[in-house]
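Have a look at the structure below before the remarks.
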Amino acid sequence: MEISGPYDPKQVEDKIYKLWEDSGFFSPDNLPNNSKLKIKNSKFSIIMPPANANGNLHAGHALVMTIEDIMTRYKRMQGFKTLWLPGLDHAGFETQVVYEKKLEKEGRSRFKMAPEELYKEIMDFTLENKKNIEGQIRKMGASCDWSREKFTLDPEIIKIVYGTFEKLFNDGLVYRGKKIINWCIKHQTSLSDLETKDTEKTDKLYYLKYGPFTIATARPETKFGDKYVVMHPSDPRYANFLQGQKISLEWINGPIEATVIKDEAIDMEFGTGVMTITPWHDAVDFEISQKHNLDKQQIIDFYGKLLPVAGEFTGMKISEAREKIIAKLQAKGLVEKIEENYKHIVKTCYKCDSLIEPQIKEQWFLKMAPLAKPVIKAIKAGKVKFIPEHYKKISLHWLENIIDWPLSRQIVWGIPIPAKICEKCGFATIALSDVKRLTDMCENCGGVMQKDPDTFDTWFSSGQWPFATLMAGQTADAQGSGVAKDFKTFYPTDVMETAGEIIFFWVARMMMLGLYMTKKLPFKTVYLHGLVLDIKGQKMSKSKGNVINPLELIDKYGTDALRIALIIGNTPGTSLALDENRIKGYKNFANKIWNGSKFVLMNLDGYDVANPPLLKALAWQGKNLKELKILVKETAKLMDEYKFYVAGEKIYHYFWHTFCDKIIEESKPALLDPKTRLATQYMLLEILVTSLKLLHPFMPFITEEIYQQLPIKDKKTCLMVENWPV
RNA sequence: GGGCGCUUAGCUCAGUGGUUAGAGCAUUCCGUUUACACCGGAGGGGUCGGGGGUUCGAAUCCCUCAGCGCCCACCA
C-alpha cells in the first residue's frame with residue numbers, strides 16, 4: 001500500500017510532471033485517436049500568452065496557467081487533438097526598464113553603453129529568466145507542448161513579423177509620420193497612448209498678458225515660440241479680432257508678432273477663452289496647427305532642457321526655468337495673476353511615473369481604422385465569443401474610436417525595424433526583400449540612406465502571435481500548398497485566454513493583425529480573467545510589498561491546492577482577492593481525496609477487476625451510480641460553458657460531502673456483508689475513478705498519482721489521456 | 001465629458017424569473033465510530049443597497065436614487 005500518511009505534494013509533483021512530459025502526450029502528434037468522439041477532425045488549440053521573460057512567475061501567471069491547463073486537459077481527455085502552445089516574450093520596453101533598473105543599481109547607465117553591448121547583456125539576462133520561467137510553468141502543472149515552444153525573438157518569428165510589416169507597408173497602412181508622440185525623458189523613447197497613464201497634479205495656473213489678451217497656462221516654459229493666439233469663432237468677447245490678423249506685442253524675450261486663429265477646439269468657459277499654442281509640445285495644439293497649417297517650433301529638447309529659442313534660459317531644465325521665467329514676466333508687468341492649487345491631469349510614463357513631454361518626432365505609424373473596420377464587422381456578426389460578454393462592448397467602443405499606432409521605439413531591446421532612412425531628406429523605406437531598396441542612396445534626393453535605429457513596439461510582434469507561432473519553424477504540408485502544417489491544423493485557435501487588462505494592448509491588436517494577415521480571426525472565443533489581488537483586495541505591486549509569490553504557496557500547500565483555490569469562486573472578468581486560508585482549505589481537500597482513495601483501495605480484497613458484478617438487484621449502489629451520472633453530465637455542461645468556478649465547486653462538494661461523508665460511511669457495513677460486498681466494491685471504485693477524472697483538470701498531480709496506483713480495467717499510461725466520463 | 005461594472009450571511013463570493021436564497025472561511029454546541037483531527041455530526045446567522053414598476057410569481061427583468069470601483073477622452 002503506497003498510499004499512506006497525509007498527502008505530501010512534494011513527493012509527487014515533480015515525479016508526475018516528468019511522467020507526463022516523458023509520455024509525449026503534451027504533443028497532439030502523440031495523442032491516441034479517440035474513436036468514441038463523434039466530431040470529425042476534432043482539434044483544440046490554445047496559444048499561451050507569452051510570459052515576459054524578465055522576472056519570475058507571479059500570481060497572475062499562476063491563474064493563466066491554471067485556467068488554460070484546465071481547458072487543455074479537459075479537451076484532451078475528451079479525445080480532441082489538443083495543442084497548448086507555450087511561448088515567451090522578449091517584452092521590449094518592459095524588459096529594458098527592468099534591466100535599466102538593474103544597471104542603475106550597479107551604477108551604470110544604458111546611455112553610456114554601445115547598443116550592441118547593451119543588447120547582448122539584455123539577451124543573456126532574458127535567456128536566463130526564460131529558463132527560470134519555463135521551470136516555473138512546469139511547476140504549475142501546465143500540460144503544454146514544449147516541443148513547439150516559441151520565443152518572440154526566434155529568427156522564424158522575426159521573419160514573419162517582417163513579412164507583416166512589408167505587407168502593411170505595401171498596402172499603404174504603414175507610414176512614416178512626423179506627428180506628436182508621447183516622449184518619456186527618463187527612458188528616452190516614444191510611447192503609445194496605452195503606455196501612458198493620467199495622473200492628477202497640482203500646479204500653479206499663470207494668467208499672462210499677451211498683447212490685448214490674457215492667456216492662462218500651467219506651462220510658461222513652453223511659451224517662448226508662441227506666435228498664434230487662438231479663440232473660439234463665436235466668442236463675442238473677441239468678435240473684433242479677425243482670423244489671420246497680426247498683432248504686435250511684447251513677450252518674454254522681446255517684441256513679437258502674433259497671428260489670430262479661430263478654432264472651435266477652444267473652450268470659451270476655460271480661463272479667458274483665449275490661448276496661445278505650442279504645437280511641438282501639446283497634442284491639442286498640434287491638431288490645431290495641422291488644421292490651419294501653422295508653423296511648429298521645438299522649444300524643449302529630448303532631455304527636457306530648453307533650446308536656444310529660450311534665450312537666456314537656454315539649457316535649463318523645465319523645473320528650474322519655470323519660476324525664473326515667471327519672475328522675468330512679472331518684472332515686465334506681464335503677469336496678471338497666479339492661481340495656486342490648480343488641479344489638472346497630466347500624462348505620465350506608465351513605468352516610471354515621470355511626466356510625458358509631448359514631442360514631434362518622425363516615426364513609423366500604423367493606420368488602424370482600416371484594420372479595425374473588418375474586426376468590428378466580425379465582432380458584430382458574432383464571429384468571436386467574449387467571456388464575460390461585456391468585453392464585447394468595451395472592444396467595440398475602442399475599435400470604433402481607434403487612433404493610429406506609433407510603432408517605433410527608441411530602445412535597443414526589441415526587433416529592429418527593417419527600414420532605411422535618408423539622413424538628408426528623411427525619406428524612409430523598408431529594407432527587406434526588394435533589392436532596389438537595399439541601396440544606400442536615397443531615391444528621393446540622392447542622400448545617404450541609414451539603417452533605422454529603432455525597434456518595434458513589442459506588441460507589434462505579440463499582436464501576431466497566434467498565426468506567427470503556428471507558422472514559424474514549420475515545413476509546408478504534404479500537399480505542397482506552402483501552408484505550414486500546424487497553421488493548417490490548428491488555426492484559427494479555439495480560445496484566447498488572457499487578462500482583461502490587456503484587451504486593447506493585445507487582444508484587439510491580435511484580432512486586427514490576425515484577420516488582416518490570414519483572413520480569419522485568430523480565435524473563436526476570448527476568455528478574459530480578472531486580476532489576482534492581495535487579501536485586502538489591493539493590486540499586488542513590488543512597491544507596496546504585497547506581492548504573493550506562487551512558488552512559495554506551492555511549497556506550502558502544493559500546486560493542486562493553489563490551482564483550485566484560484567478557480568473556485570473566481571468568475572471570469574472579476575478580480576480575485578487571494579486568501580491564503582482558502583488555499584489551506586484546499587490543501588485539506590487534497591488530503592481528503594488522498595484518504596478517500598486510500599479507503600477504497602484498502603477494501604478491494606477479493607475483488608476481480610476484470611469481472612465486475614451485476615448491480616441490477618442492488619438498489620443503494622445503483623442509486624449512487626445514477627447520481628454520479630448526473631454529476632458527470634452537469635460537469636461537462638459547465639466545462640463547455642467555461643464555468644470552471646462552478647464545475648470545480650460541484651465536484652469538490654460531491655467528492656467530500658457526498659462520496660466521503662455519506663457513501664463511504666454507508667458502505668462500511670455493506671462491505672462486511674458477503675452478499676453486498678462485491679457490488680459495493682464495484683460502486684466505490686467506479687465513483688472514485690470517475691471523480692478522479694472529473695477532478696483531474698483542476699488538480700492534476702494528486703489525481704494522477706492515485707490513478708497510477710488503481711487496479712482498473714483498460715488502464716491507460718496516465719490519467720491525463722483517460723477518456724472523459726460520459 | 002463618455003463608457004463598463006459592482007452593491008446578496010461577520011469576511012470572500014456563487015446564484016439572472018419558479019418550491020423555506022447557497023458555498024467556502026469564520027462562529028456555537030457535540031463527538032477519541034479501525035480512510036482522514038489536514039476529521040465527523042448538529043446549529044446560529046441574510047427584510048438579496050433604497051424606492052417604484054412589470055408579472056400569478058422578482059436577488060434575477062424595467063425605471064429611478066444612493067454609494068463604490070474600473071476604463072476611455074485633447075480642457076490650455
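Ligands are numbered from 1 in the order shown, chains are lettered A, B, ... in the order of the C-alpha cells, and residues start at 1 in each chain.
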Write out as a list in words all residues of segment 463-638 of chain A that backbone DSSP assigns to strand (DSSP E).
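Taking segment 463-638 of chain A and keeping strand (DSSP E) only, one gets Thr493, Asp494, Val495, Met496, Glu497, Thr498, Ala499, Phe523, Lys524, Thr525, Val526, Tyr527, Leu528, His529, Val532, Leu533, Leu576 and Ala577 of chain A.
What chain A places within 6 Å of chain B, counting only C-alpha atoms (C1' of nucleotides), is Thr217, Val284, Gly569, Asn588, Asn595, Gly596, Lys598 and Phe599 of chain A.
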Find, counting only C-alpha atoms (C1' of nucleotides), the residue in B:A42, B:C61, B:G50, B:A73 that gets nearest to U28 of chain B.
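Answer, going by the shortest atom-to-atom distance: B:A42.
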Which residues, written as a ChimeraX atom specification, have at least one atom at most 12 Å from Met540 of chain A, with only C-alpha atoms (C1' of nucleotides) counted and residues fewer than 4 positions away on the same chain left out?
/A:58-60,531-536,544-549,575-578
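Contact shell of segment 173-186 of chain A at 6 Å (only C-alpha atoms (C1' of nucleotides); same-chain neighbours under 2 positions omitted): Leu168, Phe169, Asp171, Gln188, Thr189, Ser190, Leu191, Tyr303, Ile356, Glu357, Pro358, Gln359, Ile360, Lys361, Glu362, Gln363, Trp364, Phe365, Leu366 and Lys367 of chain A.
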File of the preceding selection, N, CA, C and O atoms, as a PDB file, in the first residue's frame:
```pdb
ATOM      1  N   LEU A 168       1.978  45.421 -44.817  1.00  0.00           N
ATOM      2  CA  LEU A 168       1.313  46.647 -44.353  1.00  0.00           C
ATOM      3  C   LEU A 168       1.869  47.874 -45.087  1.00  0.00           C
ATOM      4  O   LEU A 168       1.133  48.776 -45.460  1.00  0.00           O
ATOM      5  N   PHE A 169       3.182  47.854 -45.290  1.00  0.00           N
ATOM      6  CA  PHE A 169       3.827  48.966 -45.995  1.00  0.00           C
ATOM      7  C   PHE A 169       3.343  49.033 -47.435  1.00  0.00           C
ATOM      8  O   PHE A 169       2.943  50.086 -47.942  1.00  0.00           O
ATOM      9  N   ASP A 171       0.660  47.916 -48.657  1.00  0.00           N
ATOM     10  CA  ASP A 171      -0.770  48.274 -48.706  1.00  0.00           C
ATOM     11  C   ASP A 171      -1.019  49.712 -48.258  1.00  0.00           C
ATOM     12  O   ASP A 171      -2.166  50.146 -48.151  1.00  0.00           O
ATOM     13  N   GLN A 188      13.897  57.861 -22.657  1.00  0.00           N
ATOM     14  CA  GLN A 188      14.355  58.267 -23.984  1.00  0.00           C
ATOM     15  C   GLN A 188      13.715  57.463 -25.115  1.00  0.00           C
ATOM     16  O   GLN A 188      14.391  56.973 -26.020  1.00  0.00           O
ATOM     17  N   THR A 189      12.405  57.348 -25.015  1.00  0.00           N
ATOM     18  CA  THR A 189      11.690  56.670 -26.092  1.00  0.00           C
ATOM     19  C   THR A 189      10.286  57.232 -26.209  1.00  0.00           C
ATOM     20  O   THR A 189       9.771  57.837 -25.258  1.00  0.00           O
ATOM     21  N   SER A 190       9.695  57.025 -27.354  1.00  0.00           N
ATOM     22  CA  SER A 190       8.283  57.377 -27.513  1.00  0.00           C
ATOM     23  C   SER A 190       7.429  56.226 -27.001  1.00  0.00           C
ATOM     24  O   SER A 190       7.883  55.080 -26.940  1.00  0.00           O
ATOM     25  N   LEU A 191       6.205  56.536 -26.640  1.00  0.00           N
ATOM     26  CA  LEU A 191       5.286  55.528 -26.112  1.00  0.00           C
ATOM     27  C   LEU A 191       3.912  55.713 -26.752  1.00  0.00           C
ATOM     28  O   LEU A 191       3.530  56.832 -27.093  1.00  0.00           O
ATOM     29  N   TYR A 303      15.837  65.875 -23.863  1.00  0.00           N
ATOM     30  CA  TYR A 303      16.275  65.620 -22.482  1.00  0.00           C
ATOM     31  C   TYR A 303      15.527  66.510 -21.496  1.00  0.00           C
ATOM     32  O   TYR A 303      15.838  66.548 -20.318  1.00  0.00           O
ATOM     33  N   ILE A 356       5.291  62.931 -19.106  1.00  0.00           N
ATOM     34  CA  ILE A 356       5.477  62.760 -20.537  1.00  0.00           C
ATOM     35  C   ILE A 356       5.665  64.137 -21.158  1.00  0.00           C
ATOM     36  O   ILE A 356       4.901  65.061 -20.879  1.00  0.00           O
ATOM     37  N   GLU A 357       6.691  64.290 -21.955  1.00  0.00           N
ATOM     38  CA  GLU A 357       6.856  65.533 -22.698  1.00  0.00           C
ATOM     39  C   GLU A 357       6.438  65.257 -24.137  1.00  0.00           C
ATOM     40  O   GLU A 357       7.132  64.553 -24.858  1.00  0.00           O
ATOM     41  N   PRO A 358       5.304  65.794 -24.557  1.00  0.00           N
ATOM     42  CA  PRO A 358       4.937  65.586 -25.952  1.00  0.00           C
ATOM     43  C   PRO A 358       5.999  66.204 -26.873  1.00  0.00           C
ATOM     44  O   PRO A 358       6.516  67.274 -26.572  1.00  0.00           O
ATOM     45  N   GLN A 359       6.349  65.501 -27.911  1.00  0.00           N
ATOM     46  CA  GLN A 359       7.347  65.972 -28.865  1.00  0.00           C
ATOM     47  C   GLN A 359       6.889  65.573 -30.258  1.00  0.00           C
ATOM     48  O   GLN A 359       6.197  64.570 -30.427  1.00  0.00           O
ATOM     49  N   ILE A 360       7.331  66.379 -31.228  1.00  0.00           N
ATOM     50  CA  ILE A 360       7.095  65.952 -32.609  1.00  0.00           C
ATOM     51  C   ILE A 360       8.306  65.145 -33.037  1.00  0.00           C
ATOM     52  O   ILE A 360       9.441  65.568 -32.856  1.00  0.00           O
ATOM     53  N   LYS A 361       8.037  63.960 -33.530  1.00  0.00           N
ATOM     54  CA  LYS A 361       9.148  63.099 -33.931  1.00  0.00           C
ATOM     55  C   LYS A 361       8.700  62.255 -35.104  1.00  0.00           C
ATOM     56  O   LYS A 361       7.567  61.794 -35.150  1.00  0.00           O
ATOM     57  N   GLU A 362       9.608  62.058 -36.020  1.00  0.00           N
ATOM     58  CA  GLU A 362       9.261  61.245 -37.177  1.00  0.00           C
ATOM     59  C   GLU A 362       9.324  59.776 -36.779  1.00  0.00           C
ATOM     60  O   GLU A 362      10.318  59.316 -36.225  1.00  0.00           O
ATOM     61  N   GLN A 363       8.247  59.055 -37.036  1.00  0.00           N
ATOM     62  CA  GLN A 363       8.109  57.684 -36.556  1.00  0.00           C
ATOM     63  C   GLN A 363       7.348  56.860 -37.582  1.00  0.00           C
ATOM     64  O   GLN A 363       6.677  57.408 -38.434  1.00  0.00           O
ATOM     65  N   TRP A 364       7.424  55.569 -37.386  1.00  0.00           N
ATOM     66  CA  TRP A 364       6.544  54.696 -38.166  1.00  0.00           C
ATOM     67  C   TRP A 364       5.198  54.613 -37.454  1.00  0.00           C
ATOM     68  O   TRP A 364       5.147  54.411 -36.238  1.00  0.00           O
ATOM     69  N   PHE A 365       4.146  54.780 -38.222  1.00  0.00           N
ATOM     70  CA  PHE A 365       2.795  54.651 -37.676  1.00  0.00           C
ATOM     71  C   PHE A 365       2.027  53.614 -38.469  1.00  0.00           C
ATOM     72  O   PHE A 365       2.295  53.385 -39.648  1.00  0.00           O
ATOM     73  N   LEU A 366       1.081  53.000 -37.784  1.00  0.00           N
ATOM     74  CA  LEU A 366       0.198  52.054 -38.456  1.00  0.00           C
ATOM     75  C   LEU A 366      -1.208  52.638 -38.473  1.00  0.00           C
ATOM     76  O   LEU A 366      -1.742  53.015 -37.429  1.00  0.00           O
ATOM     77  N   LYS A 367      -1.773  52.719 -39.687  1.00  0.00           N
ATOM     78  CA  LYS A 367      -3.158  53.201 -39.813  1.00  0.00           C
ATOM     79  C   LYS A 367      -4.077  52.142 -39.235  1.00  0.00           C
ATOM     80  O   LYS A 367      -4.102  51.005 -39.702  1.00  0.00           O
TER      81      LYS A 367
END
```
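Nearest-residue note for Thr493 of chain A: choosing from A:Ser27, A:Asn293, A:Thr82, A:Thr278, the minimum distance belongs to A:Thr82, counting only C-alpha atoms.
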Could you please write out, as a short mmCIF file (atom, residue, chain, number, x, y, z; two decimals) with C-alpha atoms, in the first residue's frame, every residue of segment 198-339 of chain A that DSSP assigns to alpha helix (DSSP H)?
```cif
data_model
loop_
_atom_site.label_atom_id
_atom_site.label_comp_id
_atom_site.auth_asym_id
_atom_site.auth_seq_id
_atom_site.Cartn_x
_atom_site.Cartn_y
_atom_site.Cartn_z
CA ALA A 283 -1.35 67.27 -28.68
CA VAL A 284 -4.31 69.65 -28.93
CA ASP A 285 -2.13 72.47 -30.14
CA PHE A 286 -0.60 70.14 -32.68
CA GLU A 287 -4.05 69.31 -34.06
CA ILE A 288 -4.94 72.98 -34.35
CA SER A 289 -1.68 73.78 -36.10
CA GLN A 290 -2.21 70.92 -38.53
CA LYS A 291 -5.68 72.15 -39.32
CA HIS A 292 -4.58 75.72 -40.00
CA ILE A 318 11.81 72.85 -17.04
CA SER A 319 11.57 72.72 -13.25
CA GLU A 320 14.38 75.22 -12.92
CA ALA A 321 13.25 77.57 -15.68
CA ARG A 322 9.58 77.93 -14.81
CA GLU A 323 9.87 80.21 -11.78
CA LYS A 324 12.66 82.25 -13.36
CA ILE A 325 10.56 82.88 -16.44
CA ILE A 326 7.65 83.99 -14.30
CA ALA A 327 9.95 86.32 -12.36
CA LYS A 328 11.05 87.90 -15.61
CA LEU A 329 7.48 88.26 -16.83
CA GLN A 330 6.50 89.81 -13.52
CA ALA A 331 9.34 92.31 -13.86
#
```
Would you pick out the contacts of G52 of chain B at 12 Å or less, using only C-alpha atoms (C1' of nucleotides), so that residues sharing its chain but fewer than 5 positions from it are not included, and give the list as a PyMOL selection string?
chain B and resi 62-65
Now that the selection is made, can you save its residues with C-alpha atoms (C1' of nucleotides) as a PDB file, in the first residue's frame?
```
ATOM      1  C1'   C B  62     -37.559  47.589 -16.465  1.00  0.00           C
ATOM      2  C1'   C B  63     -37.220  52.698 -14.324  1.00  0.00           C
ATOM      3  C1'   U B  64     -35.100  55.746 -10.602  1.00  0.00           C
ATOM      4  C1'   C B  65     -31.964  57.267  -6.446  1.00  0.00           C
TER       5        C B  65
END
```
Spatial neighbours of Thr658 of chain A, max dist 12 Å, only C-alpha atoms (C1' of nucleotides), sep filter under 2 positions, as a count of residues only
23
What does the structure give for the distance between atom CA of Glu264 of chain A and atom CA of Val309 of chain A, in Å to one decimal?
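Between atom CA of Glu264 of chain A and atom CA of Val309 of chain A the gap is 29.1 Å.
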Tell me, as a CSV table (one decimal) with N, CA and C atoms (P, O5', C5', C4', C3', O3' and C1' of nucleotides), in the first residue's frame, which residues lie within 12 Å of A58 of chain B, counting only C-alpha atoms (C1' of nucleotides); anything in the same chain fewer than 5 positions away does not count.
```
chain,number,residue,atom,x,y,z
B,16,U,P,-27.9,32.5,-12.7
B,16,U,O5',-29.3,32.3,-13.3
B,16,U,C5',-30.5,32.8,-12.7
B,16,U,C4',-31.0,34.1,-13.3
B,16,U,C3',-31.0,34.1,-14.9
B,16,U,O3',-32.2,33.5,-15.3
B,16,U,C1',-30.3,36.1,-13.9
B,17,G,P,-33.2,33.3,-16.3
B,17,G,O5',-34.6,33.4,-15.4
B,17,G,C5',-34.5,34.1,-14.2
B,17,G,C4',-35.8,33.9,-13.4
B,17,G,C3',-36.7,32.7,-13.9
B,17,G,O3',-36.3,31.4,-13.4
B,17,G,C1',-37.9,34.7,-13.2
B,18,G,P,-36.0,31.0,-12.0
B,18,G,O5',-37.4,31.0,-11.2
B,18,G,C5',-37.5,31.3,-9.8
B,18,G,C4',-38.5,30.4,-9.2
B,18,G,C3',-38.2,28.9,-9.3
B,18,G,O3',-37.8,28.4,-8.1
B,18,G,C1',-40.5,29.5,-10.0
B,48,C,P,-34.1,41.6,1.0
B,48,C,O5',-32.5,41.3,0.9
B,48,C,C5',-31.5,42.3,0.6
B,48,C,C4',-30.5,41.7,-0.3
B,48,C,C3',-30.5,42.3,-1.7
B,48,C,O3',-29.3,42.8,-2.0
B,48,C,C1',-30.5,39.9,-1.7
B,53,G,P,-45.4,50.5,-7.2
B,53,G,O5',-45.0,50.1,-8.7
B,53,G,C5',-45.5,50.8,-9.8
B,53,G,C4',-44.8,50.4,-11.1
B,53,G,C3',-45.2,49.0,-11.6
B,53,G,O3',-46.5,49.0,-12.3
B,53,G,C1',-42.9,49.3,-11.8
```
Point out the residue among A:Val507, A:Ile300, A:Leu521, A:Leu614 with the least atom-to-atom distance to Pro492 of chain A, counting only C-alpha atoms.
A:Leu521
Can you work out which one of A:Ile252, A:Val229, A:Ala468, A:Ala647 has the shortest atom-to-atom distance to Thr272 of chain A, counting only C-alpha atoms?
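Counting only C-alpha atoms, the residue closest to Thr272 of chain A is A:Val229.
What separates atom CA of Met275 of chain A from atom CA of Ser192 of chain A is a distance of 26.8 Å.
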